[in-house]
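First comes the structure, then the notes that go with it.
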Amino acid sequence: MSWESKVKKTVPYTAGEQPKDKNIIKLNTNECPYPPAPGVTKAIRELAERSDDLRLYPDMNASALVDALADFYGISSDKIFVGVGSDDVLALCFLTFFTNGEPILFPAVTYSFYPVWADLYGIKYKQIPLTSNMGIDEYEYMPGLTRFKNGGIIFPNPNAPTGVEEPLSKIEKIVKSNPDSVVIVDEAYIDFGGTSALPLIDKYDNLLVVQTFSKSRSMAGMRIGFAMGSEKLISYLKDVKFSFNSYTMNLPSIMIGKAAVEDRDYFESTTGKIVATREKFKAQLREMGFKFPDSKANFVFAMHPGFSGDYLFAELRKRNIVVRHWNAPAISEFLRITIGTDEQMDAVAAALREITATK
């Protein structure tokens, strides 16, 4: 028996392509098209002046960042946990909360990291089909109405890659009907016109809301994510994190993240511009005959009845426009198109008009 037979083998998450060509219009990974808040640049300069501090371990509680988030969201600091991107936070959530042996539940069309983490940690899972309009059927997540128990529930809102947002009333039904399970709402895209489930954390101690700096705060390269929930949930999450790495976040991330959070006006201006561009682009797609669920995210999940997803993806690529496409059966005809600047989206619309005029 070789050493290789003892290795844990997994199928990793496949991230979106990162093209090196700067002439490409890159709309495949839902990054923000605008730079971070001006205060971020100032914080970077201040960091250079404090470079001697880098020889010291950072604050394990990332208090400066946590306190800034607490002030922004109007909750106490002991209800917040920060991590190295929301992926890090979510992976810790799987490790911490999904442990009782029952299958966890998440949508069949959703963020493709969920089954990866479940397989990595040996967690059983059941994928729940979406409704005909690509929404979540809340009754499939209620133990009293289904044939099975669950070991936890996780879903994005708005969902990815569909962009569909579920109303707060539906989320509350799911949380309320699962008092013996932790319910995680992944709100990576909530800032683009959605309604957060955050107000429910004081009502339900089994609800965890997870957000990220990667989308609405223009900091995908900085890797900052955070969870908000009851003091008890956050305490358990910290216990697991500190059991294998007691330093949650590095000093630059703490300083720069704090600066980003404190500039509320810039945050609201940037997300407002993206929402306006999204709505304009949706109207352009409708004029061309595209079909898509109503997106409340910084992307649109669209298909055209007259053209395959493969064809549209390839034709856009020929025109130096990169979007996201999956060959999964349920969504193979769709493209997920990130919302960029007005100029970028006008270029995409023009390319799609040219492509779809060929028949």
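For the structure tokens, the naming scheme is as follows: chains receive sequential letters (A, B, ...) according to their order of presentation, residues are indexed from 1 within each chain, and ligands are indexed from 1 in presentation order.
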Could you give me, as a ChimeraX atom specification, each residue of range 87-251 of chain A that DSSP assigns to strand (DSSP E or B) when run on this structure's backbone? /A:104-107,125-128,153-156,183-186,207-212,225-229
Please return, as a PyMOL selection string, all residues of range 38-112 of chain A that DSSP assigns to helix (DSSP H, G or I) on the basis of the backbone. chain A and resi 38-49+51-55+63-73+77-79+85-97
Please write the residues from the selection above to a file, keeping N, CA and C atoms, as a short mmCIF file (atom, residue, chain, number, x, y, z; two decimals), in the first residue's frame.
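The resulting file, again-v6.cif, is shown below:
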data_model
loop_
_atom_site.label_atom_id
_atom_site.label_comp_id
_atom_site.auth_asym_id
_atom_site.auth_seq_id
_atom_site.Cartn_x
_atom_site.Cartn_y
_atom_site.Cartn_z
N PRO A 38 -12.39 55.49 -1.08
CA PRO A 38 -11.16 56.30 -0.98
C PRO A 38 -10.40 56.08 0.33
N GLY A 39 -11.11 55.80 1.40
CA GLY A 39 -10.45 55.57 2.69
C GLY A 39 -9.54 54.36 2.68
N VAL A 40 -9.77 53.44 1.75
CA VAL A 40 -8.92 52.25 1.64
C VAL A 40 -7.51 52.66 1.23
N THR A 41 -7.40 53.57 0.26
CA THR A 41 -6.08 54.05 -0.17
C THR A 41 -5.35 54.72 0.99
N LYS A 42 -6.07 55.51 1.76
CA LYS A 42 -5.47 56.17 2.92
C LYS A 42 -4.98 55.14 3.94
N ALA A 43 -5.79 54.09 4.16
CA ALA A 43 -5.40 53.05 5.11
C ALA A 43 -4.16 52.31 4.65
N ILE A 44 -4.01 52.11 3.34
CA ILE A 44 -2.82 51.45 2.81
C ILE A 44 -1.58 52.30 3.07
N ARG A 45 -1.71 53.61 2.90
CA ARG A 45 -0.58 54.50 3.19
C ARG A 45 -0.22 54.45 4.67
N GLU A 46 -1.24 54.46 5.53
CA GLU A 46 -1.00 54.40 6.97
C GLU A 46 -0.33 53.09 7.35
N LEU A 47 -0.71 52.02 6.65
CA LEU A 47 -0.09 50.72 6.92
C LEU A 47 1.40 50.76 6.63
N ALA A 48 1.78 51.46 5.55
CA ALA A 48 3.21 51.57 5.21
C ALA A 48 3.97 52.26 6.34
N GLU A 49 3.31 53.23 6.97
CA GLU A 49 3.95 53.95 8.07
C GLU A 49 4.01 53.10 9.34
N SER A 51 4.62 49.78 9.31
CA SER A 51 5.13 48.48 8.87
C SER A 51 5.81 47.70 10.00
N ASP A 52 6.32 48.40 11.00
CA ASP A 52 6.95 47.70 12.12
C ASP A 52 5.95 46.83 12.87
N ASP A 53 4.67 47.21 12.80
CA ASP A 53 3.64 46.43 13.49
C ASP A 53 3.47 45.03 12.88
N LEU A 54 3.94 44.86 11.65
CA LEU A 54 3.78 43.57 10.98
C LEU A 54 4.63 42.47 11.62
N ARG A 55 5.57 42.83 12.45
CA ARG A 55 6.37 41.80 13.14
C ARG A 55 5.59 41.21 14.32
N SER A 63 -10.72 43.27 16.40
CA SER A 63 -11.68 44.15 17.06
C SER A 63 -11.98 45.43 16.30
N ALA A 64 -10.97 46.04 15.68
CA ALA A 64 -11.21 47.29 14.95
C ALA A 64 -12.21 47.09 13.82
N LEU A 65 -12.05 46.00 13.08
CA LEU A 65 -12.97 45.69 11.98
C LEU A 65 -14.33 45.26 12.51
N VAL A 66 -14.34 44.40 13.51
CA VAL A 66 -15.60 43.93 14.08
C VAL A 66 -16.42 45.10 14.63
N ASP A 67 -15.76 46.00 15.32
CA ASP A 67 -16.46 47.15 15.90
C ASP A 67 -17.02 48.06 14.81
N ALA A 68 -16.27 48.22 13.72
CA ALA A 68 -16.77 49.04 12.61
C ALA A 68 -18.01 48.40 11.98
N LEU A 69 -17.97 47.08 11.82
CA LEU A 69 -19.14 46.37 11.29
C LEU A 69 -20.33 46.47 12.25
N ALA A 70 -20.06 46.35 13.53
CA ALA A 70 -21.13 46.45 14.53
C ALA A 70 -21.80 47.82 14.46
N ASP A 71 -20.99 48.87 14.30
CA ASP A 71 -21.54 50.21 14.18
C ASP A 71 -22.35 50.37 12.90
N PHE A 72 -21.84 49.81 11.80
CA PHE A 72 -22.52 49.94 10.51
C PHE A 72 -23.88 49.25 10.53
N TYR A 73 -23.93 48.06 11.12
CA TYR A 73 -25.17 47.27 11.09
C TYR A 73 -26.04 47.44 12.34
N SER A 77 -20.93 43.86 19.01
CA SER A 77 -19.74 43.23 18.43
C SER A 77 -19.67 41.73 18.68
N ASP A 78 -20.28 41.27 19.78
CA ASP A 78 -20.21 39.84 20.07
C ASP A 78 -21.17 39.01 19.22
N LYS A 79 -21.83 39.67 18.27
CA LYS A 79 -22.69 38.96 17.32
C LYS A 79 -22.05 38.89 15.94
N GLY A 85 -12.42 36.02 3.86
CA GLY A 85 -13.42 35.85 2.81
C GLY A 85 -14.61 35.07 3.33
N SER A 86 -15.77 35.25 2.71
CA SER A 86 -16.95 34.52 3.18
C SER A 86 -16.81 33.02 2.93
N ASP A 87 -15.96 32.62 1.97
CA ASP A 87 -15.72 31.19 1.77
C ASP A 87 -15.09 30.57 3.02
N ASP A 88 -14.13 31.26 3.61
CA ASP A 88 -13.50 30.80 4.85
C ASP A 88 -14.54 30.72 5.97
N VAL A 89 -15.37 31.74 6.08
CA VAL A 89 -16.40 31.76 7.11
C VAL A 89 -17.39 30.62 6.91
N LEU A 90 -17.82 30.42 5.68
CA LEU A 90 -18.80 29.36 5.40
C LEU A 90 -18.20 27.97 5.63
N ALA A 91 -16.95 27.78 5.23
CA ALA A 91 -16.30 26.49 5.47
C ALA A 91 -16.24 26.18 6.96
N LEU A 92 -15.94 27.20 7.77
CA LEU A 92 -15.93 27.02 9.23
C LEU A 92 -17.33 26.71 9.75
N CYS A 93 -18.34 27.31 9.14
CA CYS A 93 -19.72 27.03 9.53
C CYS A 93 -20.07 25.57 9.28
N PHE A 94 -19.67 25.03 8.13
CA PHE A 94 -19.90 23.62 7.84
C PHE A 94 -19.25 22.76 8.92
N LEU A 95 -18.01 23.09 9.25
CA LEU A 95 -17.25 22.31 10.21
C LEU A 95 -17.83 22.41 11.62
N THR A 96 -18.41 23.56 11.94
CA THR A 96 -18.90 23.82 13.29
C THR A 96 -20.32 23.33 13.51
N PHE A 97 -21.20 23.58 12.57
CA PHE A 97 -22.63 23.42 12.83
C PHE A 97 -23.29 22.22 12.17
#
So what do you get for CA of Leu312 in chain A versus CA of Lys296 in chain A, distance-wise?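 Those two atoms sit 22.9 Å apart.
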Nearest candidate to Cys32 in chain A (options A:Thr358, A:Thr341, A:Ser218, A:Asn320; using only C-alpha atoms): A:Ser218
For each of A:Leu251, A:Val175, A:Ile190, A:Val116, take the minimum atom-to-atom distance to Val275 in chain A, counting only C-alpha atoms, then give the residue where this is smallest.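 Of all the options, A:Ile190 lies closest to Val275 in chain A.
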One-decimal distance in Å that lies between CA of Pro36 in chain A and CA of Asn159 in chain A: 24.3 Å
Counting only C-alpha atoms, the option among A:Ile331, A:Ala15, A:Ile80, A:Ile123 closest to Lys238 in chain A: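 The closest residue to Lys238 in chain A is A:Ile80.
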